[in-house]
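Q: Structure supplied as data11.pdb; contents: PDB, C-alpha atoms and all ligand atoms.
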```pdb
ATOM      1  CA  MET A   8      21.149  -5.922 -38.791  1.00  0.00           C
ATOM      2  CA  TYR A   9      24.263  -5.584 -36.643  1.00  0.00           C
ATOM      3  CA  GLY A  10      24.311  -2.473 -34.471  1.00  0.00           C
ATOM      4  CA  LEU A  11      20.552  -1.918 -34.524  1.00  0.00           C
ATOM      5  CA  GLY A  12      20.250  -2.810 -30.831  1.00  0.00           C
ATOM      6  CA  ILE A  13      23.036  -0.360 -29.970  1.00  0.00           C
ATOM      7  CA  LEU A  14      21.302   2.398 -31.934  1.00  0.00           C
ATOM      8  CA  LYS A  15      17.998   1.646 -30.200  1.00  0.00           C
ATOM      9  CA  GLY A  16      19.717   1.787 -26.796  1.00  0.00           C
ATOM     10  CA  LEU A  17      21.379   5.088 -27.679  1.00  0.00           C
ATOM     11  CA  GLY A  18      17.994   6.386 -28.794  1.00  0.00           C
ATOM     12  CA  VAL A  19      16.559   5.705 -25.335  1.00  0.00           C
ATOM     13  CA  THR A  20      19.500   7.491 -23.682  1.00  0.00           C
ATOM     14  CA  ILE A  21      19.139  10.501 -25.975  1.00  0.00           C
ATOM     15  CA  LYS A  22      15.385  10.601 -25.331  1.00  0.00           C
ATOM     16  CA  HIS A  23      15.954  10.728 -21.572  1.00  0.00           C
ATOM     17  CA  PHE A  24      18.734  13.276 -21.960  1.00  0.00           C
ATOM     18  CA  ALA A  25      16.525  15.596 -24.027  1.00  0.00           C
ATOM     19  CA  ALA A  26      13.515  15.053 -21.746  1.00  0.00           C
ATOM     20  CA  THR A  27      15.603  16.223 -18.771  1.00  0.00           C
ATOM     21  CA  TYR A  28      16.177  19.660 -20.279  1.00  0.00           C
ATOM     22  CA  ILE A  29      12.671  19.961 -21.692  1.00  0.00           C
ATOM     23  CA  GLU A  30      11.254  19.169 -18.242  1.00  0.00           C
ATOM     24  CA  ASP A  31      13.635  21.597 -16.487  1.00  0.00           C
ATOM     25  CA  PHE A  32      12.704  24.274 -19.016  1.00  0.00           C
ATOM     26  CA  LYS A  33       8.993  23.622 -18.338  1.00  0.00           C
ATOM     27  CA  GLN A  34       9.624  24.220 -14.636  1.00  0.00           C
ATOM     28  CA  GLY A  35      11.253  27.572 -15.494  1.00  0.00           C
ATOM     29  CA  MET A  36      14.665  26.276 -14.309  1.00  0.00           C
ATOM     30  CA  LYS A  37      13.406  26.825 -10.758  1.00  0.00           C
ATOM     31  CA  HIS A  38      12.917  23.191  -9.894  1.00  0.00           C
ATOM     32  CA  TYR A  39      15.470  23.201  -7.077  1.00  0.00           C
ATOM     33  CA  THR A  40      14.471  26.503  -5.485  1.00  0.00           C
ATOM     34  CA  ASP A  41      10.672  26.482  -5.738  1.00  0.00           C
ATOM     35  CA  GLU A  42       9.068  23.833  -3.491  1.00  0.00           C
ATOM     36  CA  GLU A  43       5.990  23.369  -5.682  1.00  0.00           C
ATOM     37  CA  ARG A  44       8.009  22.937  -8.867  1.00  0.00           C
ATOM     38  CA  PHE A  45      10.423  20.674  -7.054  1.00  0.00           C
ATOM     39  CA  ALA A  46       7.543  18.387  -6.016  1.00  0.00           C
ATOM     40  CA  ILE A  47       6.427  18.164  -9.663  1.00  0.00           C
ATOM     41  CA  ARG A  48       9.989  17.497 -10.833  1.00  0.00           C
ATOM     42  CA  GLN A  49      10.387  14.688  -8.280  1.00  0.00           C
ATOM     43  CA  GLY A  50       6.898  13.298  -8.853  1.00  0.00           C
ATOM     44  CA  VAL A  51       5.852  10.145 -10.644  1.00  0.00           C
ATOM     45  CA  GLU A  52       4.901  12.072 -13.790  1.00  0.00           C
ATOM     46  CA  ALA A  53       8.323  13.698 -14.182  1.00  0.00           C
ATOM     47  CA  ARG A  54      10.337  12.802 -17.263  1.00  0.00           C
ATOM     48  CA  GLY A  55      14.048  12.791 -17.932  1.00  0.00           C
ATOM     49  CA  LEU A  56      16.980  12.200 -15.624  1.00  0.00           C
ATOM     50  CA  PHE A  57      17.417  13.635 -12.178  1.00  0.00           C
ATOM     51  CA  THR A  58      19.054  12.698  -8.902  1.00  0.00           C
ATOM     52  CA  VAL A  59      17.053  12.181  -5.743  1.00  0.00           C
ATOM     53  CA  GLN A  60      18.994  13.006  -2.589  1.00  0.00           C
ATOM     54  CA  TYR A  61      17.419  10.263  -0.507  1.00  0.00           C
ATOM     55  CA  PRO A  62      16.545  10.302   2.397  1.00  0.00           C
ATOM     56  CA  GLU A  63      16.262  14.106   2.444  1.00  0.00           C
ATOM     57  CA  GLU A  64      14.237  13.913  -0.774  1.00  0.00           C
ATOM     58  CA  LYS A  65      11.775  11.183  -1.589  1.00  0.00           C
ATOM     59  CA  LEU A  66      10.001  10.257  -4.765  1.00  0.00           C
ATOM     60  CA  ALA A  67       6.233  10.140  -4.595  1.00  0.00           C
ATOM     61  CA  VAL A  68       5.034   6.581  -5.131  1.00  0.00           C
ATOM     62  CA  PRO A  69       2.193   5.701  -7.505  1.00  0.00           C
ATOM     63  CA  GLU A  70      -1.171   4.736  -6.035  1.00  0.00           C
ATOM     64  CA  ARG A  71      -0.720   1.088  -6.974  1.00  0.00           C
ATOM     65  CA  PHE A  72       2.666   0.889  -5.281  1.00  0.00           C
ATOM     66  CA  ARG A  73       2.701  -1.905  -2.708  1.00  0.00           C
ATOM     67  CA  TYR A  74       4.963  -2.684   0.167  1.00  0.00           C
ATOM     68  CA  MET A  75       3.965  -4.397   3.421  1.00  0.00           C
ATOM     69  CA  PRO A  76       0.338  -5.260   4.122  1.00  0.00           C
ATOM     70  CA  PHE A  77      -1.678  -3.502   6.834  1.00  0.00           C
ATOM     71  CA  LEU A  78      -5.102  -4.126   8.346  1.00  0.00           C
ATOM     72  CA  VAL A  79      -7.937  -1.646   7.849  1.00  0.00           C
ATOM     73  CA  VAL A  80      -9.784  -0.574  10.997  1.00  0.00           C
ATOM     74  CA  ASN A  81     -12.618   1.930  11.506  1.00  0.00           C
ATOM     75  CA  ASP A  82     -11.607   5.532  12.079  1.00  0.00           C
ATOM     76  CA  ALA A  83     -11.486   6.845  15.639  1.00  0.00           C
ATOM     77  CA  ASP A  84     -14.596   8.980  15.012  1.00  0.00           C
ATOM     78  CA  HIS A  85     -16.696   6.067  13.720  1.00  0.00           C
ATOM     79  CA  PRO A  86     -20.178   6.451  15.308  1.00  0.00           C
ATOM     80  CA  ASP A  87     -20.696   2.788  16.291  1.00  0.00           C
ATOM     81  CA  ALA A  88     -17.384   0.968  16.454  1.00  0.00           C
ATOM     82  CA  PRO A  89     -14.287   3.186  16.504  1.00  0.00           C
ATOM     83  CA  GLY A  90     -11.094   1.262  15.841  1.00  0.00           C
ATOM     84  CA  GLN A  91     -12.982  -1.942  14.949  1.00  0.00           C
ATOM     85  CA  PRO A  92     -10.918  -4.145  12.576  1.00  0.00           C
ATOM     86  CA  TRP A  93     -12.588  -5.063   9.299  1.00  0.00           C
ATOM     87  CA  CYS A  94     -10.909  -8.444   9.425  1.00  0.00           C
ATOM     88  CA  THR A  95     -13.279 -11.304  10.177  1.00  0.00           C
ATOM     89  CA  SER A  96     -10.449 -13.726  10.814  1.00  0.00           C
ATOM     90  CA  CYS A  97     -11.615 -15.887   7.898  1.00  0.00           C
ATOM     91  CA  GLY A  98      -8.040 -17.010   7.239  1.00  0.00           C
ATOM     92  CA  ILE A  99      -8.145 -16.702   3.439  1.00  0.00           C
ATOM     93  CA  CYS A 100      -5.146 -14.357   3.339  1.00  0.00           C
ATOM     94  CA  SER A 101      -3.019 -16.746   5.363  1.00  0.00           C
ATOM     95  CA  LYS A 102      -4.012 -19.638   3.089  1.00  0.00           C
ATOM     96  CA  VAL A 103      -3.132 -17.823  -0.154  1.00  0.00           C
ATOM     97  CA  CYS A 104       0.071 -16.213   1.163  1.00  0.00           C
ATOM     98  CA  PRO A 105       2.821 -17.955  -0.888  1.00  0.00           C
ATOM     99  CA  PRO A 106       5.580 -17.848   1.777  1.00  0.00           C
ATOM    100  CA  GLN A 107       3.054 -18.505   4.600  1.00  0.00           C
ATOM    101  CA  CYS A 108       4.043 -15.507   6.709  1.00  0.00           C
ATOM    102  CA  ILE A 109       0.580 -14.655   8.122  1.00  0.00           C
ATOM    103  CA  TRP A 110      -0.546 -16.096  11.452  1.00  0.00           C
ATOM    104  CA  ILE A 111      -4.056 -15.438  12.781  1.00  0.00           C
ATOM    105  CA  VAL A 112      -5.794 -16.395  16.030  1.00  0.00           C
ATOM    106  CA  ARG A 113      -9.568 -15.965  15.965  1.00  0.00           C
ATOM    107  CA  CYS A 114     -11.546 -14.470  18.874  1.00  0.00           C
ATOM    108  CA  THR A 115     -13.927 -16.677  20.811  1.00  0.00           C
ATOM    109  CA  ASP A 116     -17.063 -15.642  22.625  1.00  0.00           C
ATOM    110  CA  PRO A 117     -16.230 -15.949  26.354  1.00  0.00           C
ATOM    111  CA  GLU A 118     -19.797 -17.029  27.191  1.00  0.00           C
ATOM    112  CA  THR A 119     -20.490 -19.590  24.490  1.00  0.00           C
ATOM    113  CA  GLY A 120     -16.924 -20.509  23.559  1.00  0.00           C
ATOM    114  CA  ARG A 121     -17.928 -20.217  19.912  1.00  0.00           C
ATOM    115  CA  PRO A 122     -15.621 -18.491  17.411  1.00  0.00           C
ATOM    116  CA  LYS A 123     -16.215 -14.770  16.748  1.00  0.00           C
ATOM    117  CA  PRO A 124     -15.515 -13.218  13.329  1.00  0.00           C
ATOM    118  CA  GLU A 125     -12.711 -11.032  14.628  1.00  0.00           C
ATOM    119  CA  PRO A 126      -8.955 -11.526  15.079  1.00  0.00           C
ATOM    120  CA  ARG A 127      -7.619 -11.847  18.627  1.00  0.00           C
ATOM    121  CA  GLU A 128      -4.092 -11.976  17.269  1.00  0.00           C
ATOM    122  CA  PHE A 129      -2.756 -11.282  13.792  1.00  0.00           C
ATOM    123  CA  TYR A 130       0.915 -11.494  12.868  1.00  0.00           C
ATOM    124  CA  ILE A 131       2.874 -10.949   9.672  1.00  0.00           C
ATOM    125  CA  ASP A 132       6.569 -11.748   9.480  1.00  0.00           C
ATOM    126  CA  ILE A 133       7.708  -8.857   7.324  1.00  0.00           C
ATOM    127  CA  ASP A 134      11.120 -10.449   6.737  1.00  0.00           C
ATOM    128  CA  ILE A 135       9.372 -13.250   4.869  1.00  0.00           C
ATOM    129  CA  CYS A 136       6.625 -11.224   3.151  1.00  0.00           C
ATOM    130  CA  MET A 137       7.516 -10.757  -0.509  1.00  0.00           C
ATOM    131  CA  ASN A 138       5.012  -7.930  -1.131  1.00  0.00           C
ATOM    132  CA  CYS A 139       3.081  -9.953  -3.686  1.00  0.00           C
ATOM    133  CA  GLY A 140      -0.270  -8.462  -2.596  1.00  0.00           C
ATOM    134  CA  PHE A 141      -2.148 -11.774  -2.814  1.00  0.00           C
ATOM    135  CA  CYS A 142      -3.539 -11.276   0.709  1.00  0.00           C
ATOM    136  CA  ALA A 143      -5.084  -7.938  -0.317  1.00  0.00           C
ATOM    137  CA  GLU A 144      -6.356  -9.316  -3.634  1.00  0.00           C
ATOM    138  CA  PHE A 145      -8.092 -12.288  -2.063  1.00  0.00           C
ATOM    139  CA  CYS A 146      -9.526 -10.706   1.117  1.00  0.00           C
ATOM    140  CA  PRO A 147     -13.321 -10.716   0.665  1.00  0.00           C
ATOM    141  CA  PHE A 148     -13.786  -7.923   3.221  1.00  0.00           C
ATOM    142  CA  ASP A 149     -11.324  -5.262   1.953  1.00  0.00           C
ATOM    143  CA  ALA A 150      -9.661  -5.694   5.325  1.00  0.00           C
ATOM    144  CA  ILE A 151      -6.016  -6.020   4.305  1.00  0.00           C
ATOM    145  CA  LYS A 152      -4.243  -3.558   2.039  1.00  0.00           C
ATOM    146  CA  MET A 153      -0.765  -2.950   0.744  1.00  0.00           C
ATOM    147  CA  ASP A 154       0.982  -0.027   2.391  1.00  0.00           C
ATOM    148  CA  HIS A 155       3.116   2.695   0.817  1.00  0.00           C
ATOM    149  CA  ASP A 156       5.444   3.017   3.800  1.00  0.00           C
ATOM    150  CA  TYR A 157       8.760   1.530   2.739  1.00  0.00           C
ATOM    151  CA  GLU A 158      10.978   2.958   5.493  1.00  0.00           C
ATOM    152  CA  ILE A 159      10.733   0.064   7.922  1.00  0.00           C
ATOM    153  CA  SER A 160      14.314  -1.055   8.440  1.00  0.00           C
ATOM    154  CA  SER A 161      15.553  -1.562  11.999  1.00  0.00           C
ATOM    155  CA  TYR A 162      18.528  -2.981  13.867  1.00  0.00           C
ATOM    156  CA  ASP A 163      16.453  -5.660  15.590  1.00  0.00           C
ATOM    157  CA  ARG A 164      15.604  -8.631  13.439  1.00  0.00           C
ATOM    158  CA  SER A 165      14.470 -10.969  16.199  1.00  0.00           C
ATOM    159  CA  SER A 166      11.179  -9.357  17.223  1.00  0.00           C
ATOM    160  CA  ALA A 167      10.692  -5.962  15.529  1.00  0.00           C
ATOM    161  CA  HIS A 168       9.949  -7.580  12.187  1.00  0.00           C
ATOM    162  CA  ILE A 169       7.027  -9.616  13.439  1.00  0.00           C
ATOM    163  CA  TYR A 170       4.172  -7.143  13.061  1.00  0.00           C
ATOM    164  CA  ASP A 171       1.253  -7.729  15.442  1.00  0.00           C
ATOM    165  CA  LEU A 172      -2.362  -6.595  15.339  1.00  0.00           C
ATOM    166  CA  GLU A 173      -1.567  -3.228  16.883  1.00  0.00           C
ATOM    167  CA  LYS A 174       1.292  -2.475  14.513  1.00  0.00           C
ATOM    168  CA  LEU A 175      -0.630  -3.699  11.476  1.00  0.00           C
ATOM    169  CA  SER A 176      -3.824  -1.722  12.157  1.00  0.00           C
ATOM    170  CA  LYS A 177      -4.373   1.534  10.292  1.00  0.00           C
ATOM    171  CA  PRO A 178      -7.603   3.530   9.906  1.00  0.00           C
ATOM    172  CA  LEU A 179      -9.701   3.560   6.755  1.00  0.00           C
ATOM    173  CA  SER A 180      -8.921   7.270   6.307  1.00  0.00           C
ATOM    174  CA  TYR A 181      -5.236   6.332   5.871  1.00  0.00           C
ATOM    175  CA  TRP A 182      -6.123   3.938   3.034  1.00  0.00           C
ATOM    176  CA  GLN A 183      -8.318   6.633   1.464  1.00  0.00           C
ATOM    177  CA  THR A 184      -5.350   9.019   1.584  1.00  0.00           C
ATOM    178  CA  ILE A 185      -2.759   6.734  -0.005  1.00  0.00           C
ATOM    179  CA  ALA A 186      -5.093   5.078  -2.547  1.00  0.00           C
ATOM    180  CA  PRO A 187      -8.085   7.364  -3.129  1.00  0.00           C
ATOM    181  CA  THR A 188      -9.135   5.790  -6.443  1.00  0.00           C
ATOM    182  CA  ARG A 189      -9.019   2.218  -5.192  1.00  0.00           C
ATOM    183  CA  ALA A 190     -10.727   3.140  -1.907  1.00  0.00           C
ATOM    184  CA  GLU A 191     -13.576   4.838  -3.780  1.00  0.00           C
ATOM    185  CA  GLU A 192     -13.967   1.899  -6.209  1.00  0.00           C
ATOM    186  CA  GLU A 193     -14.141  -0.472  -3.263  1.00  0.00           C
ATOM    187  CA  ARG A 194     -16.673   1.707  -1.440  1.00  0.00           C
ATOM    188  CA  LEU A 195     -18.950   1.730  -4.501  1.00  0.00           C
ATOM    189  CA  ALA A 196     -18.580  -2.038  -4.937  1.00  0.00           C
ATOM    190  CA  ARG A 197     -19.465  -2.612  -1.275  1.00  0.00           C
ATOM    191  CA  GLU A 198     -22.523  -0.381  -1.575  1.00  0.00           C
ATOM    192  CA  ALA A 199     -23.674  -2.204  -4.722  1.00  0.00           C
ATOM    193  CA  LYS A 200     -23.224  -5.545  -2.963  1.00  0.00           C
ATOM    194  CA  GLU A 201     -25.210  -4.348   0.064  1.00  0.00           C
ATOM    195  CA  ALA A 202     -27.979  -3.016  -2.194  1.00  0.00           C
ATOM    196  CA  ALA A 203     -28.139  -6.320  -4.101  1.00  0.00           C
ATOM    197  CA  LYS A 204     -28.309  -8.231  -0.819  1.00  0.00           C
ATOM    198  CA  ALA A 205     -31.068  -5.971   0.532  1.00  0.00           C
ATOM    199  CA  GLY A 206     -33.004  -6.391  -2.747  1.00  0.00           C
ATOM    200  CA  LYS A 207     -32.767 -10.180  -2.473  1.00  0.00           C
ATOM    201  CA  VAL A 208     -34.007 -10.130   1.122  1.00  0.00           C
ATOM    202  CA  GLN A 209     -36.997  -7.929   0.196  1.00  0.00           C
ATOM    203  CA  GLY A 210     -37.759 -10.032  -2.898  1.00  0.00           C
TER
HETATM  204  S1  LIG A 301      -8.691 -12.515   4.231  1.00  0.00           S
HETATM  205 FE1  LIG A 301      -9.246 -10.526   5.084  1.00  0.00          FE
HETATM  206  S2  LIG A 301     -10.893 -10.932   6.526  1.00  0.00           S
HETATM  207 FE2  LIG A 301      -9.909 -12.889   6.059  1.00  0.00          FE
HETATM  208  S3  LIG A 301      -8.370 -13.135   7.691  1.00  0.00           S
HETATM  209 FE3  LIG A 301      -7.347 -12.148   6.004  1.00  0.00          FE
HETATM  210  S4  LIG A 301      -7.529  -9.951   6.384  1.00  0.00           S
HETATM  211 FE4  LIG A 301      -8.986 -10.999   7.696  1.00  0.00          FE
HETATM  212  S1  LIG A 302       1.952  -9.584   0.434  1.00  0.00           S
HETATM  213 FE1  LIG A 302       2.112 -11.722  -0.269  1.00  0.00          FE
HETATM  214  S2  LIG A 302       3.809 -12.540   0.952  1.00  0.00           S
HETATM  215 FE2  LIG A 302       3.164 -10.648   1.957  1.00  0.00          FE
HETATM  216  S3  LIG A 302       1.697 -11.271   3.500  1.00  0.00           S
HETATM  217 FE3  LIG A 302       0.514 -10.756   1.659  1.00  0.00          FE
HETATM  218  S4  LIG A 302       0.293 -12.709   0.556  1.00  0.00           S
HETATM  219 FE4  LIG A 302       1.929 -12.983   2.068  1.00  0.00          FE
END
```
Could the structure of this file be written out as structure tokens, please?
Ligand code: SF4
Ligand code: SF4

A:
Amino acid sequence: MYGLGILKGLGVTIKHFAATYIEDFKQGMKHYTDEERFAIRQGVEARGLFTVQYPEEKLAVPERFRYMPFLVVNDADHPDAPGQPWCTSCGICSKVCPPQCIWIVRCTDPETGRPKPEPREFYIDIDICMNCGFCAEFCPFDAIKMDHDYEISSYDRSSAHIYDLEKLSKPLSYWQTIAPTRAEEERLAREAKEAAKAGKVQG
């Protein structure tokens, strides 16, 4: 029927329009003066239409939001290996990366000359990265994750956009803060894997 699409479109607009006032009413019309209510109004669960005065105001991003990848390292207070990267330099992420923007150099043991499961260098060209998240999906060691930090623009495009090991490394506690559900799921999965491995060894 002619006009049905227009009516459906108008319906969506009216729904958003009404939701705006319902939401504002729920926040007691104090959403711009009360910090707590403002955070709710600007949060991911908010409904209706509103303007975000970026960069002074920022929308909270959902847990599964993904921007540039970063490498997980142990926290500074780790009892055995503070700051140790989880990356084993296996190279899987660089192989699956569609635009091929990951470059890894593996460590070698200075005495034996044999490769060590640790990265000596790790680079990501963030101008080429398309935020697909394949690297994080395929990493068998939970060592690379997608960050929530999207404010990374700069005036230097020749070197500042090649992230090195130092710039890419962030502690586990950071990952637990930005993605608590995922981090907990991964921790449980790792524990189950370890337990299964230990059971096999004993058996
Ligand atoms: S897949 Fe994971 S462990 Fe392997 S090189 Fe990439 S980040 Fe490191
Ligand atoms: S997010 Fe995608 S494009 Fe970016 S480094 Fe990972 S695999 Fe490559």

Q: Set the cut-off to 10 Å, count all atoms listed in the file, and list whatever residues fall near ligand LIG 301 (chain A) as a PyMOL selection string.

A: chain A and resi 76-79+92-104+109-113+124-126+129+141-152

Q: Which residue gives the smallest distance to ligand LIG 302 (chain A) among A:Thr27, A:Thr40, A:Asn138, A:Thr119, with all atoms listed in the file counted?

A: A:Asn138

Q: Enclose all atoms of ligand LIG 302 (chain A) listed in the file in an axis-aligned box, grow every side by 5 Å, and hand back centre and edge lengths in Å to one decimal, as JSON.

A:
```
{"center_x": 2.1, "center_y": -11.3, "center_z": 1.6, "size_x": 13.5, "size_y": 13.4, "size_z": 13.8}
```

Q: Give me the region 63-119 of chain A side of the contact with region 184-196 of chain A, cut-off 10 Å, one line per residue showing its nearest atom pair and distance in Å at one decimal, counting all atoms listed in the file, sorted by chain and residue number, as a tab-separated table.

A:
```
residue	atom	partner	partner_atom	distance
A:Val68	CA	A:Ile185	CA	9.3
A:Pro69	CA	A:Ala186	CA	8.8
A:Glu70	CA	A:Ala186	CA	5.3
A:Arg71	CA	A:Ala186	CA	7.4
A:Phe72	CA	A:Ala186	CA	9.2
```

Q: Just want the 12 Å neighbourhood of Asp31 (chain A), counted on all atoms listed in the file, with same-chain residues fewer than 2 positions away dropped. Output as a ChimeraX atom specification.

A: /A:24-29,33-39,44-45,47-49,53-57

Q: Can you work out which one of A:Glu30, A:Glu64, A:Asp134, A:Glu128 has the shortest atom-to-atom distance to ligand LIG 302 (chain A), counting only C-alpha atoms and all ligand atoms?

A: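 Looking at the shortest contact to ligand LIG 302 (chain A), the residue is A:Asp134.
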
Q: Given all atoms listed in the file as the basis, pick out the residue of A:Ile133, A:Ala88, A:Ala46, A:Ala83 nearest to Tyr157 (chain A).

A: A:Ile133

Q: Need to verify the contact set: Asp84 (chain A), 12 Å, all atoms listed in the file, exclusion of same-chain residues closer than 5 positions in sequence. Can you return it as a list in words?

A: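 Once the nearby chain positions are removed, what remains is Pro89, Gly90, Gln91, Pro178, Leu179 and Ser180 of chain A.
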
Q: Any idea what the distance is between CA of Ser161 (chain A) and CA of Arg73 (chain A)?

A: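 CA of Arg73 (chain A) lies 19.5 Å from CA of Ser161 (chain A).
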
Q: Provide the CA of Gly50 (chain A) to CA of Glu63 (chain A) distance in Å, to one decimal place.

A: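 Atom-to-atom, CA of Gly50 (chain A) and CA of Glu63 (chain A) are spaced 14.7 Å apart.
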
Q: How many Å lie between atom FE2 of ligand LIG 302 (chain A) and CA of Asp171 (chain A), rounded to one decimal?

A: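 Going from atom FE2 of ligand LIG 302 (chain A) over to CA of Asp171 (chain A), I get 13.9 Å.
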
Q: Between A:Ile169, A:Leu175, A:Cys114, A:Cys108, which is the closest to ligand LIG 302 (chain A) once you count all atoms listed in the file?

A: A:Cys108

Q: In terms of the shortest atom-to-atom distance over all atoms listed in the file, which of A:Arg121, A:His168, A:Lys207, A:Lys177 is closest to Asn81 (chain A)?

A: A:Lys177

Q: Find, counting all atoms listed in the file, the residue in A:Trp182, A:Pro122, A:Lys174, A:Lys22 that gets nearest to Ile159 (chain A).

A: A:Lys174
